[in-house]
$ cat structure_6.cif   # mmCIF, C-alpha atoms and all ligand atoms
data_entry
loop_
_atom_site.label_atom_id
_atom_site.label_comp_id
_atom_site.auth_asym_id
_atom_site.auth_seq_id
_atom_site.Cartn_x
_atom_site.Cartn_y
_atom_site.Cartn_z
CA MET S 192 76.06 23.55 -228.95
CA GLN S 193 73.58 22.84 -231.72
CA PHE S 194 73.03 24.98 -234.81
CA LYS S 195 69.63 25.95 -233.40
CA ASP S 196 71.41 27.59 -230.43
CA VAL S 197 73.39 29.89 -232.72
CA ILE S 198 71.66 33.21 -233.41
CA GLY S 199 70.85 33.79 -237.09
CA GLN S 200 73.68 33.08 -239.59
CA GLU S 201 71.36 30.84 -241.59
CA SER S 202 73.29 30.90 -244.86
CA THR S 203 76.57 29.96 -243.14
CA LYS S 204 74.84 27.11 -241.31
CA GLN S 205 73.50 25.82 -244.64
CA LYS S 206 76.97 26.03 -246.20
CA LEU S 207 78.53 24.07 -243.34
CA ILE S 208 75.81 21.43 -243.35
CA GLN S 209 76.14 21.04 -247.10
CA ALA S 210 79.89 20.42 -246.81
CA VAL S 211 79.14 17.53 -244.45
CA THR S 212 76.34 16.13 -246.62
CA GLU S 213 78.56 16.21 -249.69
CA ASP S 214 81.46 14.75 -247.72
CA ARG S 215 83.87 17.52 -248.61
CA ILE S 216 84.78 18.96 -245.22
CA PRO S 217 87.94 21.07 -245.60
CA HIS S 218 90.73 20.00 -243.25
CA ALA S 219 91.43 23.60 -242.27
CA GLN S 220 88.92 26.44 -242.20
CA LEU S 221 89.31 30.03 -241.19
CA LEU S 222 86.15 31.70 -239.93
CA VAL S 223 86.59 35.45 -240.00
CA GLY S 224 84.25 38.18 -238.84
CA PRO S 225 83.55 40.93 -236.32
CA PRO S 226 83.42 40.27 -232.56
CA GLY S 227 80.24 38.88 -231.06
CA ASN S 228 78.76 37.49 -234.27
CA GLY S 229 78.82 33.85 -233.18
CA LYS S 230 81.83 32.54 -235.15
CA LEU S 231 83.02 30.38 -232.29
CA ALA S 232 79.52 29.11 -231.48
CA LEU S 233 79.16 28.15 -235.15
CA ALA S 234 82.47 26.31 -235.10
CA VAL S 235 81.48 24.29 -232.03
CA ALA S 236 78.02 23.54 -233.46
CA PHE S 237 79.67 22.46 -236.72
CA ALA S 238 82.15 20.17 -234.96
CA GLN S 239 79.33 18.68 -232.88
CA TYR S 240 77.27 18.14 -236.03
CA ILE S 241 80.12 16.39 -237.84
CA ASN S 242 80.59 13.93 -234.98
CA CYS S 243 76.92 13.41 -234.08
CA SER S 244 75.79 9.83 -234.67
CA HIS S 245 72.12 10.76 -235.21
CA LYS S 246 72.09 13.93 -237.29
CA LYS S 247 68.56 15.01 -238.15
CA ASP S 248 66.80 17.95 -239.79
CA GLY S 249 70.03 19.81 -240.45
CA ASP S 250 71.29 19.70 -236.87
CA SER S 251 73.03 17.44 -234.39
CA CYS S 252 70.71 15.36 -232.20
CA GLY S 253 71.84 16.78 -228.86
CA GLU S 254 71.30 13.37 -227.27
CA CYS S 255 73.89 10.89 -228.51
CA SER S 256 76.98 10.20 -226.46
CA SER S 257 79.11 12.49 -228.63
CA CYS S 258 76.61 15.37 -228.45
CA ARG S 259 76.34 15.08 -224.68
CA LYS S 260 80.09 15.38 -224.29
CA TYR S 261 80.23 18.23 -226.78
CA ALA S 262 77.54 20.05 -224.83
CA LYS S 263 79.89 20.16 -221.84
CA LEU S 264 83.03 20.66 -223.97
CA ILE S 265 84.49 17.50 -222.46
CA HIS S 266 84.75 15.38 -225.61
CA PRO S 267 88.28 13.92 -225.65
CA ASP S 268 88.61 14.55 -229.40
CA LEU S 269 87.70 18.23 -229.19
CA HIS S 270 90.67 20.51 -228.61
CA PHE S 271 90.59 24.22 -227.88
CA THR S 272 93.40 26.70 -228.25
CA PHE S 273 93.01 30.32 -227.12
CA PRO S 274 95.09 33.23 -225.81
CA VAL S 275 96.47 32.67 -222.31
CA ILE S 276 98.78 34.57 -219.97
CA LYS S 277 102.05 33.92 -218.21
CA THR S 278 102.00 34.08 -214.43
CA ALA S 279 104.50 33.47 -211.69
CA ALA S 280 103.08 29.98 -211.26
CA ILE S 281 102.73 29.18 -214.98
CA ASP S 282 105.69 30.39 -217.01
CA LYS S 283 105.04 28.18 -220.03
CA PRO S 284 101.28 28.43 -220.28
CA THR S 285 99.11 26.48 -222.69
CA SER S 286 95.35 26.39 -223.12
CA SER S 287 95.23 23.15 -221.11
CA ASP S 288 96.24 25.17 -218.04
CA TYR S 289 93.15 27.36 -218.45
CA MET S 290 90.69 24.76 -219.72
CA THR S 291 88.44 24.72 -216.66
CA LYS S 292 87.98 28.50 -216.76
CA TRP S 293 87.47 28.39 -220.51
CA ARG S 294 84.71 25.77 -220.23
CA THR S 295 82.89 27.77 -217.59
CA TYR S 296 83.21 30.96 -219.63
CA PHE S 297 82.08 29.47 -222.92
CA LEU S 298 79.21 27.51 -221.41
CA GLU S 299 77.89 30.66 -219.74
CA ASN S 300 78.11 32.67 -222.94
CA PRO S 301 79.23 31.06 -226.20
CA TYR S 302 79.87 34.55 -227.65
CA PRO S 303 83.14 35.22 -225.85
CA GLN S 304 85.03 38.48 -226.04
CA TYR S 305 88.78 38.81 -225.83
CA GLU S 306 88.82 41.64 -223.26
CA LYS S 307 86.39 39.84 -221.01
CA TRP S 308 88.41 36.63 -221.25
CA MET S 309 91.55 38.49 -220.25
CA GLN S 310 89.76 39.98 -217.26
CA LEU S 311 88.75 36.50 -216.20
CA ILE S 312 92.23 35.01 -216.29
CA ALA S 313 94.50 37.98 -215.65
CA ASP S 314 94.87 41.02 -213.60
CA GLU S 315 94.02 43.88 -215.90
CA ASN S 316 97.51 44.72 -217.00
CA LYS S 317 98.15 41.54 -218.89
CA GLN S 318 97.63 40.73 -222.51
CA GLY S 319 97.19 37.23 -223.80
CA ALA S 320 99.09 35.27 -226.40
CA ILE S 321 99.27 31.79 -227.81
CA TYR S 322 102.79 30.71 -226.96
CA VAL S 323 105.12 28.23 -228.60
CA ASP S 324 104.49 25.51 -225.99
CA GLU S 325 100.92 25.49 -227.21
CA ALA S 326 102.06 24.28 -230.63
CA LYS S 327 104.02 21.40 -229.11
CA ASP S 328 101.07 20.45 -226.93
CA LEU S 329 98.63 20.59 -229.85
CA ILE S 330 100.82 18.63 -232.25
CA HIS S 331 101.28 15.97 -229.60
CA LYS S 332 97.52 15.70 -228.93
CA LEU S 333 96.55 15.59 -232.58
CA ASN S 334 99.07 12.90 -233.38
CA GLN S 335 97.37 10.56 -230.91
CA LYS S 336 94.70 8.22 -232.24
CA SER S 337 91.22 9.60 -231.80
CA TYR S 338 89.56 8.30 -228.66
CA GLU S 339 86.04 7.79 -229.84
CA ALA S 340 85.01 10.32 -232.49
CA GLU S 341 85.29 9.98 -236.23
CA TYR S 342 86.99 13.37 -236.43
CA LYS S 343 89.39 15.04 -234.04
CA VAL S 344 88.66 18.75 -234.08
CA SER S 345 91.05 21.51 -233.14
CA ILE S 346 89.39 24.90 -232.65
CA ILE S 347 91.78 27.84 -232.43
CA TRP S 348 90.18 31.02 -231.10
CA LEU S 349 91.88 34.28 -232.12
CA PRO S 350 94.94 32.77 -233.86
CA GLU S 351 96.11 36.36 -234.53
CA ASN S 352 97.44 36.22 -230.97
CA MET S 353 99.87 33.42 -231.77
CA ASN S 354 103.42 34.42 -231.36
CA ILE S 355 105.58 33.91 -234.41
CA ASN S 356 107.30 30.76 -233.15
CA CYS S 357 104.00 29.13 -232.40
CA ALA S 358 102.56 30.11 -235.79
CA ASN S 359 105.56 28.72 -237.62
CA LYS S 360 105.42 25.50 -235.63
CA ILE S 361 101.85 24.70 -236.53
CA LEU S 362 102.23 25.41 -240.27
CA LYS S 363 103.16 21.87 -241.13
CA ILE S 364 100.38 20.14 -239.23
CA LEU S 365 97.92 22.69 -240.59
CA GLU S 366 98.93 21.79 -244.12
CA GLU S 367 99.10 18.04 -243.60
CA PRO S 368 97.03 17.18 -240.56
CA PRO S 369 96.89 13.60 -239.29
CA GLU S 370 94.05 11.57 -240.76
CA LYS S 371 90.51 12.65 -239.79
CA THR S 372 91.72 15.79 -238.10
CA LEU S 373 90.04 19.15 -238.68
CA PHE S 374 91.21 22.63 -237.87
CA ILE S 375 88.80 25.51 -237.40
CA LEU S 376 90.45 28.89 -236.83
CA ILE S 377 88.30 31.77 -235.56
CA SER S 378 89.77 35.16 -236.30
CA GLU S 379 88.76 38.79 -235.80
CA ALA S 380 91.86 40.23 -237.49
CA GLU S 381 92.96 38.11 -240.41
CA GLU S 382 95.42 40.82 -241.47
CA ARG S 383 97.47 39.91 -238.39
CA LEU S 384 97.75 36.26 -239.43
CA LEU S 385 100.78 34.98 -241.29
CA SER S 386 99.94 34.70 -244.98
CA THR S 387 101.25 31.15 -244.82
CA ILE S 388 98.55 30.33 -242.26
CA GLN S 389 95.84 32.05 -244.28
CA SER S 390 96.80 30.22 -247.44
CA ARG S 391 96.46 26.83 -245.75
CA CYS S 392 92.86 27.44 -244.74
CA GLN S 393 89.57 27.66 -246.52
CA PHE S 394 88.24 31.09 -245.79
CA ILE S 395 84.66 31.71 -244.62
CA ARG S 396 83.55 35.23 -243.83
CA ILE S 397 80.87 35.39 -241.14
CA PRO S 398 78.86 38.64 -241.21
CA LYS S 399 77.46 40.48 -238.22
CA ILE S 400 74.18 39.15 -236.85
CA LEU S 401 71.19 40.71 -238.62
CA ASP S 402 69.28 43.22 -236.47
CA HIS S 403 66.12 41.20 -236.79
CA ASP S 404 67.75 37.93 -235.68
CA LEU S 405 69.42 39.66 -232.77
CA GLN S 406 66.18 41.31 -231.71
CA VAL S 407 64.41 37.95 -231.63
CA ALA S 408 67.22 36.47 -229.54
CA LEU S 409 67.04 39.33 -227.04
CA MET S 410 63.26 39.19 -226.67
CA PRO S 411 63.14 36.72 -223.73
CA MET S 412 65.47 38.91 -221.64
CA ALA S 413 63.79 42.22 -222.47
CA ALA S 414 61.12 42.17 -219.77
CA SER S 415 63.42 41.41 -216.86
CA THR S 416 65.94 44.09 -217.88
CA ASN S 417 63.31 46.64 -218.83
CA SER S 418 64.99 47.36 -222.16
CA ASN S 419 63.88 47.63 -225.75
CA PRO S 420 65.29 44.76 -227.87
CA ALA S 421 64.91 46.73 -231.12
CA ILE S 422 67.07 49.61 -229.85
CA ILE S 423 69.61 47.28 -228.24
CA ALA S 424 69.87 45.21 -231.43
CA ARG S 425 70.59 48.35 -233.42
CA LEU S 426 73.07 49.83 -230.92
CA SER S 427 75.06 46.64 -230.67
CA ARG S 428 75.68 46.37 -234.43
CA GLY S 429 75.17 42.66 -234.66
CA ASN S 430 77.41 41.89 -231.68
CA TYR S 431 75.58 39.61 -229.26
CA PHE S 432 78.17 40.05 -226.53
CA LEU S 433 77.75 43.81 -226.73
CA ALA S 434 73.97 43.46 -226.79
CA LEU S 435 74.05 41.50 -223.51
CA GLU S 436 76.32 44.12 -221.98
CA LEU S 437 74.03 46.92 -223.09
CA MET S 438 71.03 45.08 -221.74
CA GLN S 439 72.65 44.74 -218.37
CA ASN S 440 73.36 48.47 -218.43
CA ASP S 441 77.00 47.73 -218.51
CA GLU S 442 79.14 49.88 -216.29
CA ILE S 443 82.10 49.89 -218.62
CA ARG S 444 80.15 51.75 -221.28
CA LYS S 445 79.02 54.34 -218.77
CA PHE S 446 82.55 54.72 -217.47
CA ASN S 447 83.91 55.08 -221.02
CA PHE S 448 81.26 57.65 -221.85
CA LEU S 449 82.18 59.69 -218.78
CA GLN S 450 85.86 59.61 -219.72
CA PHE S 451 85.06 60.65 -223.27
CA THR S 452 83.16 63.69 -222.02
CA SER S 453 86.05 64.51 -219.65
CA VAL S 454 88.79 64.39 -222.25
CA MET S 455 86.72 66.48 -224.67
CA ARG S 456 85.65 69.07 -222.07
CA ASN S 457 89.12 69.41 -220.59
CA GLY S 458 90.54 69.70 -224.08
CA TYR S 459 88.09 72.34 -225.16
CA GLY S 460 88.63 74.33 -221.98
CA ARG S 461 92.43 73.86 -222.28
CA LYS S 462 92.44 72.86 -218.63
CA LEU S 463 96.01 71.66 -218.27
CA GLN S 464 95.73 70.66 -214.59
CA GLU S 465 92.62 68.61 -215.31
CA ILE S 466 94.24 66.97 -218.31
CA LEU S 467 97.19 65.88 -216.17
CA ALA S 468 94.97 64.64 -213.38
CA TRP S 469 92.84 62.74 -215.87
CA SER S 470 95.92 61.11 -217.45
CA GLU S 471 97.07 59.98 -214.05
CA GLU S 472 93.69 58.49 -213.31
CA MET S 473 93.53 56.70 -216.67
CA ALA S 474 97.03 55.34 -216.19
CA GLY S 475 95.69 53.48 -213.16
CA ILE S 476 92.75 51.64 -214.72
CA GLY S 477 94.78 48.86 -216.34
CA ARG S 478 95.66 48.09 -219.91
CA VAL S 479 92.57 46.16 -220.92
CA ARG S 480 90.24 48.93 -219.70
CA GLN S 481 92.46 51.54 -221.34
CA MET S 482 92.18 49.78 -224.67
CA SER S 483 88.43 49.41 -224.33
CA LEU S 484 88.17 53.13 -223.51
CA LEU S 485 90.28 54.26 -226.48
CA LYS S 486 88.34 52.05 -228.85
CA TYR S 487 85.07 53.41 -227.49
CA CYS S 488 86.28 57.03 -227.88
CA GLY S 489 87.18 56.39 -231.52
CA GLU S 490 83.71 55.00 -232.14
CA LEU S 491 82.00 57.88 -230.39
CA LEU S 492 84.02 60.40 -232.43
CA ARG S 493 82.74 58.74 -235.55
CA GLU S 494 79.17 58.84 -234.24
CA ASN S 495 79.44 62.54 -233.43
CA PHE S 496 80.81 63.32 -236.84
CA LEU S 497 77.91 61.49 -238.45
CA HIS S 498 75.51 63.26 -236.09
CA ASN S 499 76.99 66.50 -237.28
CA LEU S 500 76.35 65.47 -240.87
CA LYS S 501 72.75 64.66 -239.92
CA GLU S 502 73.17 61.06 -241.02
CA ALA S 503 70.56 59.75 -238.60
CA ASP S 504 70.34 56.33 -240.24
CA LEU S 505 74.00 55.65 -239.61
CA ILE S 506 74.11 56.68 -235.98
CA TYR S 507 74.38 54.12 -233.18
CA MET S 508 74.16 55.96 -229.87
CA ASP S 509 72.13 55.45 -226.74
CA ASP S 510 70.02 58.22 -225.20
CA GLN S 511 72.76 59.53 -222.93
CA GLU S 512 75.30 59.75 -225.76
CA LEU S 513 72.77 61.36 -228.10
CA GLU S 514 71.94 63.99 -225.50
CA PHE S 515 75.62 64.90 -225.16
CA SER S 516 76.01 64.98 -228.93
CA LYS S 517 73.33 67.60 -229.40
CA LYS S 518 75.77 70.24 -228.17
CA PHE S 519 79.06 68.48 -228.74
CA ALA S 520 78.77 67.15 -232.29
CA PRO S 521 79.41 70.51 -234.07
CA PHE S 522 82.95 70.49 -232.64
CA ILE S 523 83.76 67.35 -234.60
CA ASN S 524 84.04 68.46 -238.18
CA GLU S 525 85.79 67.74 -241.47
CA ARG S 526 88.81 69.81 -240.34
CA ASN S 527 89.62 67.76 -237.26
CA VAL S 528 87.79 64.43 -237.33
CA ILE S 529 90.55 62.47 -239.07
CA TYR S 530 93.30 63.92 -236.90
CA LEU S 531 91.37 63.29 -233.70
CA PHE S 532 90.56 59.78 -234.79
CA ARG S 533 94.24 59.12 -235.56
CA GLU S 534 95.28 60.33 -232.12
CA PHE S 535 92.95 57.85 -230.44
CA GLU S 536 94.09 55.08 -232.76
CA SER S 537 97.72 55.82 -232.14
CA ALA S 538 97.12 55.92 -228.36
CA TYR S 539 95.38 52.55 -228.66
CA SER S 540 98.29 51.12 -230.55
CA ASP S 541 100.83 52.54 -228.06
CA ILE S 542 98.92 51.08 -225.13
CA SER S 543 98.55 47.72 -226.84
CA MET S 544 102.32 47.68 -227.28
CA ASN S 545 102.88 48.33 -223.59
CA GLY S 546 103.57 52.06 -223.94
CA ASN S 547 103.77 54.18 -220.80
CA ALA S 548 100.09 54.87 -220.10
CA LYS S 549 100.58 58.15 -218.28
CA LEU S 550 102.59 59.61 -221.16
CA VAL S 551 100.17 58.26 -223.74
CA PHE S 552 97.12 59.75 -222.02
CA THR S 553 98.82 63.07 -221.28
CA ASP S 554 99.87 63.38 -224.89
CA LEU S 555 96.38 62.44 -226.02
CA GLY S 556 94.76 65.03 -223.74
CA LEU S 557 97.05 67.76 -225.07
CA LYS S 558 96.50 66.80 -228.70
CA VAL S 559 92.74 66.85 -228.17
CA SER S 560 92.95 70.36 -226.74
CA LYS S 561 94.64 71.54 -229.94
CA LEU S 562 92.47 69.66 -232.40
CA ILE S 563 89.07 70.25 -230.81
CA ARG S 564 89.21 73.95 -231.63
CA LEU S 565 90.11 73.51 -235.30
ZN ZN G 1 74.18 13.61 -231.58
#
$ encode --input "structure_6.cif" --output "C-alpha cells" --more "lines below"
Ligand SMILES: [Zn+2]
Amino acid sequence: MQFKDVIGQESTKQKLIQAVTEDRIPHAQLLVGPPGNGKLALAVAFAQYINCSHKKDGDSCGECSSCRKYAKLIHPDLHFTFPVIKTAAIDKPTSSDYMTKWRTYFLENPYPQYEKWMQLIADENKQGAIYVDEAKDLIHKLNQKSYEAEYKVSIIWLPENMNINCANKILKILEEPPEKTLFILISEAEERLLSTIQSRCQFIRIPKILDHDLQVALMPMAASTNSNPAIIARLSRGNYFLALELMQNDEIRKFNFLQFTSVMRNGYGRKLQEILAWSEEMAGIGRVRQMSLLKYCGELLRENFLHNLKEADLIYMDDQELEFSKKFAPFINERNVIYLFREFESAYSDISMNGNAKLVFTDLGLKVSKLIRL
C-alpha cells in the first residue's frame, strides 16, 4: 500500500510524511475517524513508507524488498490485530488464527468494514472481540528482535473491541514499547476506548473523504456499473466502502429500505398481526444484519425529517428513498422524530448486547405505531 493508493486525505499524508522526515515518529498513534475513510489504508501506507529503503517523492518506492512484502502483508515485522470470533474449533482465538482471511480481505479492499469482516469469519449471529490471548501473543511477538525492518509495526484495527483484560494487558507495552516498535491504533469509536489507552497515544483525527476525491476514485468503475460517480460520492458521505456497495447496487441497502417501509407502514396502519410477523422475520436474519438494519433506519429517519424541513442540501437519499419520502416525510416531525430515533437506537443497543431479537423488534414495531401518529 503506497500513499498514492489511498484516496484523498492529502493533509494527513503530509503530516505523516513530515513526522518521518523530521525523525519524530510517535511510538503510539491513534487514528480516529468515520468508517470507510481510509484510516487503515493510511496506517499501512505509513508503515510501508517508514520501512521503505528507497523513499522518493513523498511515497514509498513500491519496489524494494520491504515494500514488496508490505504489498502482500507478509512482512515479518508487520503485525495486525483485529476483532475475531470464538468457534468450537478455536476457543482462544487471536488474529494469527484469522490472518489468511484478513490478508485476502484487506488486499481485495483496503477499506474494510466491521460488519463485512464479521460476515466473512462468522455465521451472522456472532460479534467479534479482541480477546486477552491476543495481548499475550502480541507482547510476545513485539519482544522478539525485528527480523529485517528498522521498525516493527503493530497495527490494531478497531481497538474499541478489546475486552477489558486485553486492554489492561497491553497498557504497559503501549506506554513503553520495545525499541523501534510502533503502534498504530485505528478506531471508529474512541469513546469506547479506555482513557488510559487514549492517553498513551498521539491522536490524529482523519476526516471523511472529500466528495471530489471520492468521485475521482469512483470514475474508473462508473461505466461498467452504469452509475453516476457524483451522486454515489454524495450518497456515501465520504465512505469508500459504502460507495462501492452503492455502486454494486448493494442488496443489503435495498433489503433495509424495504424493512424500513414495512415497519413504518405497519406502524401507521396499526397492523398488529403484520407487526408480529415482521418481528419474527427480523429475528431470523442474524445479529449483524439486524444491527445494519437498525442503523440504516435511524439514518433514514433523519433524512426524512430533513426532507420535511426542506433542507435539500443536507439530504443523502437515493432515488427510491426520495420517492418514498415524498409522501412519508410529513409523518416525521418535531413531535416524534427524537422519540422515534431513540427507539431505533435503543433497539440497536439491545441487539448489540445480545438482547432477544424477537422481543426487541416486536417492541420496536409497537412503539413505532404509537409514535408515527404523533
Ligand atoms: Zn520501498
$ residues_near_ligand --input "structure_6.cif" --ligand "ligand ZN 1 (chain G)" --cutoff "12 Å" --atoms "all atoms listed in the file" --output "ChimeraX atom specification"
/S:192-194,236-262,340
$ axis_aligned_box --input "structure_6.cif" --around "range 321-340 of chain S" --padding-each-side "4 Å" --output "lines of an AutoDock Vina configuration file"
center_x = 95.1
center_y = 19.8
center_z = -229.7
size_x = 28.1
size_y = 32.0
size_z = 15.4
$ residues_around --input "structure_6.cif" --residues "Glu379 in chain S" --least-positions-apart "5" --cutoff "12 Å" --atoms "only C-alpha atoms" --output "VMD selection string"
chain S and resid 221 to 231 303 to 305 347 to 352 384 396 to 399
$ closest_atom_pairs --input "structure_6.cif" --of "range 508-560 of chain S" --to "range 468-483 of chain S" --cutoff "9 Å" --atoms "all atoms listed in the file" --output "CSV"
residue,atom,partner,partner_atom,distance
S:Ala538,CA,S:Met482,CA,8.7
S:Tyr539,CA,S:Met482,CA,5.8
S:Ser540,CA,S:Met482,CA,8.6
S:Ile542,CA,S:Arg478,CA,6.8
S:Ser543,CA,S:Met482,CA,7.0
S:Asn545,CA,S:Arg478,CA,8.1
S:Asn547,CA,S:Ala474,CA,8.2
S:Ala548,CA,S:Ala474,CA,5.0
S:Lys549,CA,S:Ala474,CA,5.0
S:Leu550,CA,S:Ser470,CA,7.8
S:Val551,CA,S:Ser470,CA,8.1
S:Phe552,CA,S:Ser470,CA,4.9
S:Thr553,CA,S:Ser470,CA,5.2
S:Asp554,CA,S:Ser470,CA,8.7
S:Leu555,CA,S:Ser470,CA,8.7
S:Gly556,CA,S:Ser470,CA,7.5
$ closest_residue --input "structure_6.cif" --among "S:Ser516, S:Thr416, S:Thr387, S:Gln220" --to "Lys363 in chain S" --atoms "all atoms listed in the file"
S:Thr387
$ closest_residue --input "structure_6.cif" --among "S:His498, S:Asp282, S:Leu557, S:Lys343" --to "Lys518 in chain S" --atoms "all atoms listed in the file"
S:His498
$ atom_distance --input "structure_6.cif" --atom1 "CA of Thr278 in chain S" --atom2 "CA of Glu306 in chain S"
17.6 Å
$ closest_residue --input "structure_6.cif" --among "S:Ile281, S:Ala520, S:Ile506, S:Met412" --to "Thr452 in chain S" --atoms "all atoms listed in the file"
S:Ala520
$ residues_around --input "structure_6.cif" --residues "Ala434 in chain S" --least-positions-apart "6" --cutoff "9 Å" --atoms "all atoms listed in the file" --output "list of chain:residue names"
S:Gly227, S:Leu405, S:Leu409, S:Pro420, S:Ile423, S:Ala424, S:Arg425, S:Leu426, S:Ser427, S:Arg428
$ closest_residue --input "structure_6.cif" --among "S:Ala219, S:Ala210, S:Ala414, S:Leu492" --to "Arg391 in chain S" --atoms "all atoms listed in the file"
S:Ala219
$ atom_distance --input "structure_6.cif" --atom1 "CA of Arg383 in chain S" --atom2 "CA of His331 in chain S"
25.8 Å
